[in-house]
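Listing of start28.txt; format and content: compact mmCIF, C-alpha atoms and all ligand atoms.
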# COMPACT_ATOMS: atom_id res chain seq x y z
CA MET A 1 34.03 -10.12 10.61
CA ILE A 2 33.37 -8.04 7.50
CA LEU A 3 32.07 -4.48 7.55
CA SER A 4 29.91 -3.73 4.49
CA ILE A 5 28.71 -0.41 3.14
CA GLU A 6 25.79 0.29 0.78
CA SER A 7 25.15 3.72 -0.80
CA SER A 8 24.17 2.96 -4.40
CA CYS A 9 20.97 5.02 -4.30
CA ASP A 10 18.93 6.55 -1.48
CA ASP A 11 19.69 4.24 1.45
CA SER A 12 22.77 4.67 3.65
CA SER A 13 23.49 1.35 5.29
CA ILE A 14 26.30 -0.43 7.14
CA ALA A 15 26.42 -4.03 8.36
CA ILE A 16 28.83 -6.30 10.20
CA THR A 17 28.71 -9.98 9.28
CA ASP A 18 30.51 -12.90 10.90
CA ILE A 19 32.54 -14.71 8.24
CA LYS A 20 32.43 -18.19 9.79
CA THR A 21 28.80 -18.36 10.90
CA LYS A 22 27.49 -15.95 8.19
CA LYS A 23 25.43 -14.35 10.97
CA LEU A 24 24.53 -10.69 10.93
CA ILE A 25 26.09 -8.99 13.96
CA PHE A 26 25.07 -5.40 13.27
CA HIS A 27 22.83 -3.80 10.67
CA LYS A 28 21.52 -0.29 10.31
CA LYS A 29 20.01 1.70 7.49
CA ILE A 30 19.00 5.33 7.17
CA SER A 31 16.58 5.85 4.30
CA GLN A 32 16.21 9.14 2.43
CA GLU A 33 12.75 8.46 1.00
CA LEU A 34 11.15 11.35 2.84
CA GLN A 35 13.67 13.91 1.59
CA HIS A 36 13.27 12.80 -2.05
CA SER A 37 9.50 12.45 -1.83
CA VAL A 38 8.82 16.14 -2.57
CA TYR A 39 10.70 15.78 -5.88
CA GLY A 40 8.85 12.59 -6.90
CA GLY A 41 12.15 10.73 -7.34
CA VAL A 42 15.76 10.51 -6.19
CA VAL A 43 17.85 13.67 -6.70
CA PRO A 44 21.46 12.36 -6.99
CA GLU A 45 23.20 15.45 -5.58
CA LEU A 46 20.87 15.55 -2.57
CA ALA A 47 21.30 11.80 -2.06
CA ALA A 48 25.11 12.18 -2.00
CA ARG A 49 24.89 14.95 0.59
CA LEU A 50 22.60 12.87 2.79
CA HIS A 51 25.02 9.90 2.60
CA ILE A 52 27.81 12.19 3.87
CA GLU A 53 25.66 12.87 6.95
CA ALA A 54 24.30 9.39 7.52
CA LEU A 55 27.19 7.01 6.82
CA PRO A 56 29.61 8.38 9.48
CA LYS A 57 26.74 8.43 11.99
CA ILE A 58 26.13 4.71 11.49
CA LEU A 59 29.86 3.93 11.32
CA GLU A 60 30.34 5.43 14.78
CA GLU A 61 28.06 2.74 16.19
CA THR A 62 30.29 -0.02 14.81
CA LYS A 63 33.54 1.11 16.46
CA GLU A 64 33.50 -1.72 19.01
CA TYR A 65 33.92 -4.26 16.17
CA PHE A 66 36.85 -2.56 14.40
CA LYS A 67 39.48 -4.81 16.01
CA GLU A 68 37.79 -7.92 14.70
CA LEU A 69 37.37 -6.78 11.10
CA LYS A 70 39.08 -8.85 8.40
CA ALA A 71 37.84 -6.92 5.35
CA ILE A 72 35.81 -3.91 4.21
CA ALA A 73 33.16 -4.50 1.54
CA VAL A 74 31.39 -1.84 -0.47
CA THR A 75 28.88 -1.65 -3.33
CA ASN A 76 30.72 -0.18 -6.33
CA SER A 77 28.21 -0.96 -9.13
CA PRO A 78 25.60 -0.48 -10.45
CA GLY A 79 24.02 2.69 -9.05
CA LEU A 80 24.27 6.48 -9.05
CA SER A 81 27.93 7.43 -9.45
CA VAL A 82 27.87 10.32 -6.96
CA THR A 83 26.30 8.20 -4.23
CA LEU A 84 28.45 5.11 -4.92
CA MET A 85 31.52 7.34 -4.51
CA GLU A 86 30.51 8.22 -0.95
CA GLY A 87 30.51 4.58 0.13
CA VAL A 88 33.66 3.73 -1.81
CA THR A 89 35.59 6.67 -0.32
CA MET A 90 34.62 5.62 3.19
CA ALA A 91 35.54 2.00 2.44
CA LYS A 92 38.97 2.99 1.07
CA ALA A 93 39.72 5.10 4.15
CA LEU A 94 38.71 2.25 6.47
CA ALA A 95 40.73 -0.36 4.56
CA ILE A 96 43.82 1.89 4.66
CA SER A 97 43.53 2.81 8.33
CA LEU A 98 42.74 -0.73 9.52
CA ASP A 99 45.19 -2.25 7.02
CA ILE A 100 42.73 -4.89 5.78
CA PRO A 101 41.61 -5.87 2.25
CA LEU A 102 38.86 -4.22 0.26
CA ILE A 103 36.03 -6.09 -1.47
CA ALA A 104 34.03 -4.50 -4.32
CA VAL A 105 30.48 -5.87 -4.41
CA ASN A 106 28.01 -5.99 -7.30
CA HIS A 107 24.74 -4.57 -5.94
CA LEU A 108 22.62 -6.98 -8.02
CA LYS A 109 24.43 -9.98 -6.57
CA GLY A 110 23.63 -8.35 -3.24
CA HIS A 111 19.90 -8.43 -4.04
CA ILE A 112 20.24 -12.13 -4.94
CA TYR A 113 22.14 -12.95 -1.75
CA SER A 114 19.47 -11.15 0.32
CA LEU A 115 17.75 -14.54 -0.02
CA PHE A 116 20.53 -16.20 1.99
CA ILE A 117 20.85 -13.81 4.94
CA GLU A 118 20.76 -16.20 7.89
CA LYS A 119 19.18 -18.81 5.61
CA ASP A 120 20.62 -21.73 3.66
CA GLU A 121 21.81 -21.16 0.11
CA ILE A 122 19.40 -22.62 -2.46
CA LEU A 123 21.36 -22.43 -5.72
CA PRO A 124 20.72 -23.31 -8.54
CA CYS A 125 17.73 -21.01 -8.70
CA THR A 126 16.02 -18.88 -11.33
CA ILE A 127 15.71 -15.35 -10.02
CA LEU A 128 13.34 -12.56 -10.92
CA LEU A 129 15.03 -9.31 -9.93
CA VAL A 130 12.57 -6.42 -9.75
CA SER A 131 13.97 -3.18 -8.37
CA GLY A 132 14.14 0.54 -9.05
CA GLY A 133 16.71 0.16 -11.82
CA HIS A 134 16.35 -3.43 -13.04
CA THR A 135 13.88 -6.03 -14.25
CA GLN A 136 15.78 -9.21 -14.99
CA ILE A 137 15.51 -12.96 -15.09
CA ILE A 138 18.78 -14.46 -13.90
CA GLU A 139 19.77 -18.10 -13.93
CA ALA A 140 21.93 -18.39 -10.83
CA ASN A 141 23.65 -21.79 -10.83
CA SER A 142 26.38 -20.92 -8.34
CA TYR A 143 28.23 -17.85 -7.09
CA GLU A 144 30.55 -18.05 -10.13
CA ASP A 145 27.91 -18.97 -12.67
CA MET A 146 25.09 -16.43 -12.97
CA LYS A 147 23.58 -15.53 -16.31
CA ILE A 148 21.20 -12.69 -17.12
CA ILE A 149 18.73 -14.17 -19.58
CA ALA A 150 16.22 -11.31 -19.82
CA SER A 151 16.32 -7.57 -19.12
CA THR A 152 14.20 -4.50 -19.70
CA MET A 153 14.62 -2.50 -22.89
CA ASP A 154 13.78 0.76 -21.11
CA ASP A 155 12.15 1.50 -17.72
CA SER A 156 12.13 -1.06 -14.93
CA PHE A 157 9.10 -2.53 -13.14
CA GLY A 158 9.71 -0.55 -9.90
CA GLU A 159 10.57 2.62 -11.80
CA SER A 160 7.26 2.49 -13.69
CA PHE A 161 5.43 2.49 -10.33
CA ASP A 162 7.50 5.52 -9.29
CA LYS A 163 6.69 7.36 -12.53
CA VAL A 164 2.97 6.59 -12.43
CA ALA A 165 2.88 7.86 -8.82
CA LYS A 166 4.73 11.01 -9.89
CA MET A 167 2.22 11.70 -12.69
CA MET A 168 -0.51 11.91 -10.05
CA ASN A 169 1.64 13.63 -7.37
CA LEU A 170 1.25 10.69 -5.03
CA GLY A 171 4.79 10.82 -3.58
CA TYR A 172 7.91 8.62 -3.68
CA PRO A 173 8.61 5.69 -3.74
CA GLY A 174 5.62 4.90 -5.92
CA GLY A 175 5.54 1.12 -5.42
CA PRO A 176 3.97 0.88 -1.97
CA ILE A 177 1.70 3.91 -2.63
CA VAL A 178 0.34 2.53 -5.93
CA GLN A 179 -0.11 -0.92 -4.37
CA GLU A 180 -2.08 0.50 -1.46
CA LEU A 181 -4.32 2.75 -3.60
CA SER A 182 -4.96 -0.17 -5.98
CA GLN A 183 -6.83 -1.97 -3.23
CA LYS A 184 -9.59 0.64 -3.42
CA GLY A 185 -9.59 0.80 -7.22
CA ASP A 186 -11.28 -0.96 -10.14
CA LYS A 187 -8.53 -2.82 -12.03
CA ASN A 188 -10.75 -3.27 -15.08
CA ARG A 189 -11.73 0.38 -15.60
CA PHE A 190 -8.83 1.30 -17.88
CA ASN A 191 -7.90 -0.98 -20.72
CA LEU A 192 -4.11 -0.61 -20.82
CA PRO A 193 -1.98 -2.52 -23.35
CA ILE A 194 0.19 -5.36 -21.99
CA PRO A 195 3.73 -4.60 -23.27
CA LEU A 196 5.40 -6.88 -25.87
CA ARG A 197 2.44 -9.20 -25.85
CA GLN A 198 3.01 -10.45 -29.38
CA SER A 199 6.78 -10.70 -29.10
CA PRO A 200 8.13 -14.24 -28.78
CA LYS A 201 11.20 -12.91 -26.98
CA ILE A 202 11.57 -12.98 -23.22
CA GLU A 203 12.35 -9.35 -22.45
CA PHE A 204 10.63 -6.47 -20.71
CA SER A 205 9.52 -2.93 -21.53
CA TYR A 206 7.65 -0.45 -19.37
CA SER A 207 7.88 2.90 -21.14
CA GLY A 208 4.91 2.20 -23.46
CA LEU A 209 2.69 1.26 -20.53
CA LYS A 210 3.81 4.37 -18.65
CA ASN A 211 2.85 6.53 -21.64
CA ALA A 212 -0.52 4.78 -21.96
CA VAL A 213 -1.21 5.68 -18.32
CA ARG A 214 -0.19 9.29 -19.03
CA LEU A 215 -2.69 9.48 -21.91
CA GLU A 216 -5.52 8.17 -19.71
CA ILE A 217 -4.67 10.72 -17.01
CA GLU A 218 -4.66 13.55 -19.56
CA LYS A 219 -8.19 12.61 -20.69
CA ILE A 220 -9.58 13.33 -17.21
CA GLU A 221 -10.01 17.01 -16.36
CA GLU A 222 -9.64 16.75 -12.60
CA LEU A 223 -8.64 13.45 -11.03
CA SER A 224 -10.86 12.34 -8.15
CA SER A 225 -9.44 9.99 -5.53
CA GLN A 226 -11.49 7.19 -7.11
CA ASP A 227 -9.97 7.97 -10.54
CA LYS A 228 -6.50 7.75 -9.01
CA ALA A 229 -7.25 4.43 -7.33
CA ASP A 230 -8.70 3.03 -10.57
CA ILE A 231 -5.63 4.15 -12.55
CA CYS A 232 -3.33 2.57 -9.96
CA ALA A 233 -5.25 -0.71 -9.97
CA SER A 234 -5.44 -0.91 -13.79
CA PHE A 235 -1.75 -0.06 -14.12
CA GLN A 236 -0.62 -2.56 -11.47
CA LYS A 237 -2.70 -5.31 -13.06
CA THR A 238 -1.10 -4.66 -16.47
CA ALA A 239 2.46 -4.23 -15.15
CA VAL A 240 2.23 -7.57 -13.35
CA ALA A 241 0.49 -9.25 -16.32
CA HIS A 242 3.52 -8.32 -18.47
CA ILE A 243 5.94 -9.99 -16.05
CA MET A 244 3.69 -13.04 -15.66
CA GLN A 245 3.37 -13.54 -19.44
CA LYS A 246 7.13 -13.56 -19.86
CA ILE A 247 7.77 -15.80 -16.85
CA LYS A 248 5.14 -18.24 -18.14
CA LYS A 249 6.96 -18.25 -21.47
CA TYR A 250 10.19 -19.05 -19.62
CA PHE A 251 8.51 -21.90 -17.71
CA LYS A 252 7.42 -23.42 -21.05
CA THR A 253 11.02 -24.35 -21.81
CA THR A 254 12.56 -24.49 -18.35
CA ILE A 255 10.82 -25.57 -15.19
CA PRO A 256 13.18 -24.59 -12.37
CA LYS A 257 13.30 -26.48 -9.08
CA ASN A 258 13.81 -23.19 -7.27
CA PHE A 259 12.45 -19.80 -8.20
CA ALA A 260 12.98 -16.55 -6.27
CA ILE A 261 11.90 -12.91 -6.44
CA VAL A 262 14.33 -10.31 -5.14
CA GLY A 263 14.70 -6.50 -5.16
CA GLY A 264 12.63 -3.70 -3.64
CA ALA A 265 9.63 -4.33 -5.89
CA SER A 266 9.48 -8.00 -4.85
CA ALA A 267 7.44 -6.64 -1.94
CA ASN A 268 4.51 -6.28 -4.37
CA ILE A 269 1.75 -8.54 -3.06
CA TYR A 270 -0.12 -8.76 -6.37
CA LEU A 271 3.04 -10.03 -8.11
CA ARG A 272 3.94 -12.38 -5.25
CA THR A 273 0.50 -14.02 -5.25
CA GLN A 274 0.53 -14.70 -8.98
CA LEU A 275 4.05 -16.10 -8.91
CA GLU A 276 3.07 -18.29 -5.96
CA ASP A 277 0.23 -19.78 -8.05
CA LEU A 278 2.49 -20.35 -11.05
CA CYS A 279 5.17 -22.04 -8.93
CA ASN A 280 2.58 -24.23 -7.20
CA GLU A 281 1.28 -25.38 -10.60
CA HIS A 282 4.77 -26.50 -11.61
CA ASN A 283 5.96 -27.91 -8.28
CA THR A 284 8.61 -25.22 -8.18
CA LYS A 285 9.67 -23.97 -4.77
CA LEU A 286 9.24 -20.20 -4.44
CA HIS A 287 11.76 -18.30 -2.29
CA LEU A 288 11.42 -14.75 -1.00
CA SER A 289 13.77 -12.52 0.94
CA GLN A 290 12.59 -11.25 4.28
CA LEU A 291 10.69 -8.01 3.66
CA LYS A 292 13.32 -5.93 5.51
CA TYR A 293 16.03 -7.17 3.12
CA CYS A 294 14.07 -6.62 -0.15
CA SER A 295 15.03 -2.97 -0.57
CA ASP A 296 18.65 -1.76 -0.47
CA ASN A 297 20.66 -2.70 2.61
CA ALA A 298 24.23 -3.46 3.64
CA ALA A 299 23.35 -6.87 5.11
CA MET A 300 22.97 -8.33 1.61
CA ILE A 301 26.26 -6.72 0.55
CA GLY A 302 27.97 -8.32 3.56
CA ARG A 303 26.49 -11.70 2.64
CA VAL A 304 27.97 -11.58 -0.88
CA ALA A 305 31.25 -10.28 0.56
CA ILE A 306 31.67 -13.53 2.57
CA GLU A 307 31.66 -15.47 -0.72
CA GLN A 308 34.24 -13.07 -2.16
CA PHE A 309 36.37 -13.21 1.01
CA GLU A 310 36.46 -17.00 0.83
CA ARG A 311 37.60 -16.76 -2.81
CA LYS A 312 40.09 -13.98 -1.95
CA GLU A 313 38.38 -11.67 -4.46
CA PHE A 314 39.98 -8.48 -3.19
CA VAL A 315 40.51 -5.21 -5.02
CA SER A 316 43.31 -2.70 -4.50
CA ILE A 317 42.70 0.88 -3.37
CA ASP A 318 43.86 2.15 -6.79
CA GLU A 319 41.83 -0.31 -8.81
CA ILE A 320 38.37 0.12 -7.32
CA ASP A 321 36.08 2.37 -9.30
CA VAL A 322 32.35 2.98 -9.53
CA GLN A 323 30.16 1.93 -12.43
CA THR A 324 26.62 3.09 -13.05
CA ARG A 325 25.71 0.04 -15.14
CA ILE A 326 26.88 -3.53 -15.50
CA LYS A 327 26.69 -5.81 -18.54
CA ASN A 328 27.16 -9.20 -16.91
CA MET A 329 26.83 -10.64 -13.45
P1 LIG B 1 18.57 -1.22 -8.27
O1 LIG B 1 18.68 -2.25 -7.21
O2 LIG B 1 18.06 -1.74 -9.56
O3 LIG B 1 19.82 -0.42 -8.42
P2 LIG B 1 17.12 0.34 -6.33
O4 LIG B 1 18.15 -0.19 -5.42
O5 LIG B 1 16.88 1.81 -6.37
O6 LIG B 1 17.44 -0.16 -7.82
P3 LIG B 1 15.32 -1.12 -4.71
O7 LIG B 1 15.63 -0.35 -3.48
O8 LIG B 1 15.72 -2.54 -4.76
O9 LIG B 1 15.76 -0.37 -6.03
O10 LIG B 1 13.74 -1.05 -4.93
C1 LIG B 1 13.08 0.19 -4.95
C2 LIG B 1 12.00 0.12 -6.00
O11 LIG B 1 11.02 -0.84 -5.61
C3 LIG B 1 11.28 1.44 -6.18
O12 LIG B 1 11.14 1.69 -7.56
C4 LIG B 1 9.92 1.18 -5.53
O13 LIG B 1 8.86 1.94 -6.05
C5 LIG B 1 9.75 -0.29 -5.80
N1 LIG B 1 8.78 -0.92 -4.89
C6 LIG B 1 8.84 -0.99 -3.54
N2 LIG B 1 7.74 -1.59 -3.04
C7 LIG B 1 6.96 -1.92 -4.11
C8 LIG B 1 5.68 -2.53 -4.28
N3 LIG B 1 4.98 -2.94 -3.23
N4 LIG B 1 5.20 -2.67 -5.54
C9 LIG B 1 5.91 -2.25 -6.62
N5 LIG B 1 7.10 -1.65 -6.52
C10 LIG B 1 7.63 -1.48 -5.30
FE FE B 2 18.80 -2.05 -5.18
Go through the file and emit its structure as structure tokens.
Amino acid sequence: MILSIESSCDDSSIAITDIKTKKLIFHKKISQELQHSVYGGVVPELAARLHIEALPKILEETKEYFKELKAIAVTNSPGLSVTLMEGVTMAKALAISLDIPLIAVNHLKGHIYSLFIEKDEILPCTILLVSGGHTQIIEANSYEDMKIIASTMDDSFGESFDKVAKMMNLGYPGGPIVQELSQKGDKNRFNLPIPLRQSPKIEFSYSGLKNAVRLEIEKIEELSSQDKADICASFQKTAVAHIMQKIKKYFKTTIPKNFAIVGGASANIYLRTQLEDLCNEHNTKLHLSQLKYCSDNAAMIGRVAIEQFERKEFVSIDEIDVQTRIKNM
């Protein structure tokens, strides 16, 4: 079995995965959303402190499996450095005391492998990763061969939902709140510009749209609940339209057999529905992670770690470090 740890942002999570059967034996996550909600976003120092409380609490519940562990896996990039360090320190201590190898896991690969938790692998697959820190199109041919073919120039899709929610003091995380309010709103009331509409390139940008929303909010003296719902609906429509335009552009040159959406923001129903329609039109099979594995969790880290264990991709205690960003998969 492999014990995996995830602490790259505001979720403390530990999982135990069986190497042979790839089955999840144990999985628990303690989310910090409530504690960060008052600040309208994640406060790194507070997040690190909360990991110090939560991780050992979860670890205690896994003691019965210690004897069967063959490796310790931990997210070491990308993420917030102070929170990554909490998981990495715990992983190092466990690897030393149990005298087993350490596996450093790329969090983004984790999001991709959330598709394969207790499900068959479906590579090659084109992946849309939409999370709090990333908006990417990735061509995943195999574990070894994954290529990022489009990224965001500034804010990410999920982050723009968080920031729009913050502008109206709606709470954190913004994604589910904005999605819910949108249902009561008029998506055609505000005419927001679709980012990079004229650009032939396949890349993303959300800061211009965010600022356009800010300007609309500033024009209204006191926001009524209907105003807020209308802003949410108009913003969500435009944010999704931007992704859809670029994905359609991608489909013009490459029609993938498999297409998947992963990451916390892949829970967005409006986005899911439109991608479903596009995939149906092209006879492309659309794959989604189970909702509980869309946002950060250690189960997806454990699933990638099995691949690394099989390839003996271990890292020494001295070598492992944390990285806030990554350039390649
Ligand atoms: P990364 O994986 O890039 O390091 P992260 O781990 O912080 O970032 P996730 O936990 O994968 O991000 O996803 C959280 C993000 O998803 C938040 O920005 C949140 O607002 C967004 N999100 C969650 N649900 C929805 C939704 N229904 N619609 C839009 N965004 C959503
Ligand atoms: Fe994530």
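Around ligand FE 2 (chain B), the neighbouring residues within 9 Å, taking all atoms listed in the file, come to Ser8, Cys9, Pro78, Gly79, His107, Leu108, Gly110, His111, Val130, Ser131, Gly132, Gly133, His134, Gly263, Gly264, Cys294, Ser295, Asp296 and Asn297 of chain A.
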Writing out the chosen residues with C-alpha atoms as a CSV table (one decimal), keeping the file's coordinate frame:
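So the final result, stored in result-v6.csv, reads:
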chain,number,residue,atom,x,y,z
A,8,SER,CA,24.2,3.0,-4.4
A,9,CYS,CA,21.0,5.0,-4.3
A,78,PRO,CA,25.6,-0.5,-10.4
A,79,GLY,CA,24.0,2.7,-9.0
A,107,HIS,CA,24.7,-4.6,-5.9
A,108,LEU,CA,22.6,-7.0,-8.0
A,110,GLY,CA,23.6,-8.4,-3.2
A,111,HIS,CA,19.9,-8.4,-4.0
A,130,VAL,CA,12.6,-6.4,-9.8
A,131,SER,CA,14.0,-3.2,-8.4
A,132,GLY,CA,14.1,0.5,-9.0
A,133,GLY,CA,16.7,0.2,-11.8
A,134,HIS,CA,16.4,-3.4,-13.0
A,263,GLY,CA,14.7,-6.5,-5.2
A,264,GLY,CA,12.6,-3.7,-3.6
A,294,CYS,CA,14.1,-6.6,-0.2
A,295,SER,CA,15.0,-3.0,-0.6
A,296,ASP,CA,18.6,-1.8,-0.5
A,297,ASN,CA,20.7,-2.7,2.6
Original post:
Hey, can you pull every residue with an atom no more than 12 Å from (18.6, -20.1, -1.8), using all atoms listed in the file, and send it as an MDAnalysis selection string?
Top reply: chainID A and resid 111:127 140:143 257:262 285:289
I need the chosen residues saved as a PDB file, keeping the file's coordinate frame, with C-alpha atoms.
ATOM      1  CA  HIS A 111      19.900  -8.430  -4.040  1.00  0.00           C
ATOM      2  CA  ILE A 112      20.240 -12.130  -4.940  1.00  0.00           C
ATOM      3  CA  TYR A 113      22.140 -12.950  -1.750  1.00  0.00           C
ATOM      4  CA  SER A 114      19.470 -11.150   0.320  1.00  0.00           C
ATOM      5  CA  LEU A 115      17.750 -14.540  -0.020  1.00  0.00           C
ATOM      6  CA  PHE A 116      20.530 -16.200   1.990  1.00  0.00           C
ATOM      7  CA  ILE A 117      20.850 -13.810   4.940  1.00  0.00           C
ATOM      8  CA  GLU A 118      20.760 -16.200   7.890  1.00  0.00           C
ATOM      9  CA  LYS A 119      19.180 -18.810   5.610  1.00  0.00           C
ATOM     10  CA  ASP A 120      20.620 -21.730   3.660  1.00  0.00           C
ATOM     11  CA  GLU A 121      21.810 -21.160   0.110  1.00  0.00           C
ATOM     12  CA  ILE A 122      19.400 -22.620  -2.460  1.00  0.00           C
ATOM     13  CA  LEU A 123      21.360 -22.430  -5.720  1.00  0.00           C
ATOM     14  CA  PRO A 124      20.720 -23.310  -8.540  1.00  0.00           C
ATOM     15  CA  CYS A 125      17.730 -21.010  -8.700  1.00  0.00           C
ATOM     16  CA  THR A 126      16.020 -18.880 -11.330  1.00  0.00           C
ATOM     17  CA  ILE A 127      15.710 -15.350 -10.020  1.00  0.00           C
ATOM     18  CA  ALA A 140      21.930 -18.390 -10.830  1.00  0.00           C
ATOM     19  CA  ASN A 141      23.650 -21.790 -10.830  1.00  0.00           C
ATOM     20  CA  SER A 142      26.380 -20.920  -8.340  1.00  0.00           C
ATOM     21  CA  TYR A 143      28.230 -17.850  -7.090  1.00  0.00           C
ATOM     22  CA  LYS A 257      13.300 -26.480  -9.080  1.00  0.00           C
ATOM     23  CA  ASN A 258      13.810 -23.190  -7.270  1.00  0.00           C
ATOM     24  CA  PHE A 259      12.450 -19.800  -8.200  1.00  0.00           C
ATOM     25  CA  ALA A 260      12.980 -16.550  -6.270  1.00  0.00           C
ATOM     26  CA  ILE A 261      11.900 -12.910  -6.440  1.00  0.00           C
ATOM     27  CA  VAL A 262      14.330 -10.310  -5.140  1.00  0.00           C
ATOM     28  CA  LYS A 285       9.670 -23.970  -4.770  1.00  0.00           C
ATOM     29  CA  LEU A 286       9.240 -20.200  -4.440  1.00  0.00           C
ATOM     30  CA  HIS A 287      11.760 -18.300  -2.290  1.00  0.00           C
ATOM     31  CA  LEU A 288      11.420 -14.750  -1.000  1.00  0.00           C
ATOM     32  CA  SER A 289      13.770 -12.520   0.940  1.00  0.00           C
TER      33      SER A 289
END
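Note that atom CA of Val82 of chain A and atom N4 of ligand LIG 1 (chain B) are 26.2 Å apart.
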Each side padded by 8 Å, which centre and which edge lengths in Å (one decimal) define the axis-aligned box around the listed atoms of ligand LIG 1 (chain B)? Give them as lines of an AutoDock Vina configuration file.
center_x = 12.4
center_y = -0.5
center_z = -6.3
size_x = 30.8
size_y = 20.9
size_z = 22.5
Original post:
If you measure from atom CA of Ala233 of chain A to atom C6 of ligand LIG 1 (chain B), what distance in Å do you get, rounded to one decimal?
Top reply: 15.5 Å
Would you write out, as CSV, a table of all residues in segment 97-171 of chain A that have an atom no more than 12 Å from an atom of segment 206-217 of chain A, listing for each the closest atom pair and the distance in Å to one decimal, considering all atoms listed in the file and ordering rows by chain and rising residue number?
residue,atom,partner,partner_atom,distance
A:Gly133,CA,A:Tyr206,CA,11.8
A:His134,CA,A:Tyr206,CA,11.2
A:Thr135,CA,A:Tyr206,CA,9.8
A:Ser151,CA,A:Tyr206,CA,11.2
A:Thr152,CA,A:Tyr206,CA,7.7
A:Met153,CA,A:Tyr206,CA,8.1
A:Asp154,CA,A:Ser207,CA,6.3
A:Asp155,CA,A:Tyr206,CA,5.2
A:Ser156,CA,A:Tyr206,CA,6.3
A:Phe157,CA,A:Tyr206,CA,6.7
A:Gly158,CA,A:Tyr206,CA,9.7
A:Glu159,CA,A:Tyr206,CA,8.7
A:Ser160,CA,A:Lys210,CA,6.3
A:Phe161,CA,A:Lys210,CA,8.7
A:Asp162,CA,A:Lys210,CA,10.1
A:Lys163,CA,A:Lys210,CA,7.4
A:Val164,CA,A:Lys210,CA,6.7
A:Ala165,CA,A:Lys210,CA,10.5
A:Lys166,CA,A:Arg214,CA,10.5
A:Met167,CA,A:Arg214,CA,7.2
A:Met168,CA,A:Ile217,CA,8.2
A:Asn169,CA,A:Ile217,CA,11.9
**OP:** Compare A:Ala265, A:Ile177, A:Val88, A:Ile194 by their minimum atom-to-atom distance to Asp318 of chain A, counting all atoms listed in the file, and give me the closest one.
**Re:** A:Val88
Subject >> Pairwise distance for atom CA of Leu55 of chain A and atom CA of Ser266 of chain A, rounded to one decimal in Å >> reply: 26.0 Å
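Distances here use only C-alpha atoms; by that measure, the residue among A:Ser7, A:Asn76, A:Ser37, A:Ser234 closest to Leu50 of chain A is A:Ser7.
Among the candidate residues A:Ser224, A:Gln198, A:Gln236, A:Gln323, the one lying nearest to Val178 of chain A is A:Gln236, with distances computed using all atoms listed in the file.
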**OP:** Name the residues within 10 Å of (28.9, -8.8, -17.9), counting all atoms listed in the file in the file's coordinates, and put them as number ranges by chain.
**Re:** A: 146-148, 325-329
Take the selection from the previous step and output its residues with C-alpha atoms, as a PDB file, keeping the file's coordinate frame.
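The resulting selection.pdb:
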ATOM      1  CA  MET A 146      25.090 -16.430 -12.970  1.00  0.00           C
ATOM      2  CA  LYS A 147      23.580 -15.530 -16.310  1.00  0.00           C
ATOM      3  CA  ILE A 148      21.200 -12.690 -17.120  1.00  0.00           C
ATOM      4  CA  ARG A 325      25.710   0.040 -15.140  1.00  0.00           C
ATOM      5  CA  ILE A 326      26.880  -3.530 -15.500  1.00  0.00           C
ATOM      6  CA  LYS A 327      26.690  -5.810 -18.540  1.00  0.00           C
ATOM      7  CA  ASN A 328      27.160  -9.200 -16.910  1.00  0.00           C
ATOM      8  CA  MET A 329      26.830 -10.640 -13.450  1.00  0.00           C
TER       9      MET A 329
END
**OP:** Find the residue from A:Pro195, A:Pro256, A:Pro176, A:Pro200 that sits nearest to ligand LIG 1 (chain B); use all atoms listed in the file when measuring.
**Re:** A:Pro176
Subject >> For Phe314 of chain A, the nearest of the candidates A:Ile103, A:Ser13, A:Lys67, A:Ser77, counting only C-alpha atoms >> reply: A:Ile103
Subject >> For Ile137 of chain A: contacts at 6 Å, all atoms listed in the file, fewer than 3 positions along chain excluded, given as number ranges by chain >> reply: A: 127-128, 149-150
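Shortest atom-to-atom contact with ligand LIG 1 (chain B) among A:Ile320, A:Leu84, A:Leu196, A:Ile231: A:Leu84, counting all atoms listed in the file.
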Original post:
Skipping near chain neighbours, those fewer than 4 positions away, what residues fall within 10 Å of Asp99 of chain A using only C-alpha atoms, listed as number ranges by chain?
Top reply: A: 69-72, 93-95
Original post:
So which residues touch segment 268-274 of chain A within 8 Å, counting all atoms listed in the file, skipping near sequence neighbours fewer than 3 positions away, as a list in words?
Top reply: Gly175, Pro176, Gln179, Lys237, Val240, Met244, Ala265, Asp277 and Leu278 of chain A
Original post:
If we count all atoms listed in the file, what is near Leu34 of chain A at a cut-off of 12 Å, once residues fewer than 6 positions away on the same chain are taken out, given as JSON, numbers by chain?
Top reply: {"A": [10, 11, 40, 41, 42, 43, 46, 47, 50, 171, 172, 173]}
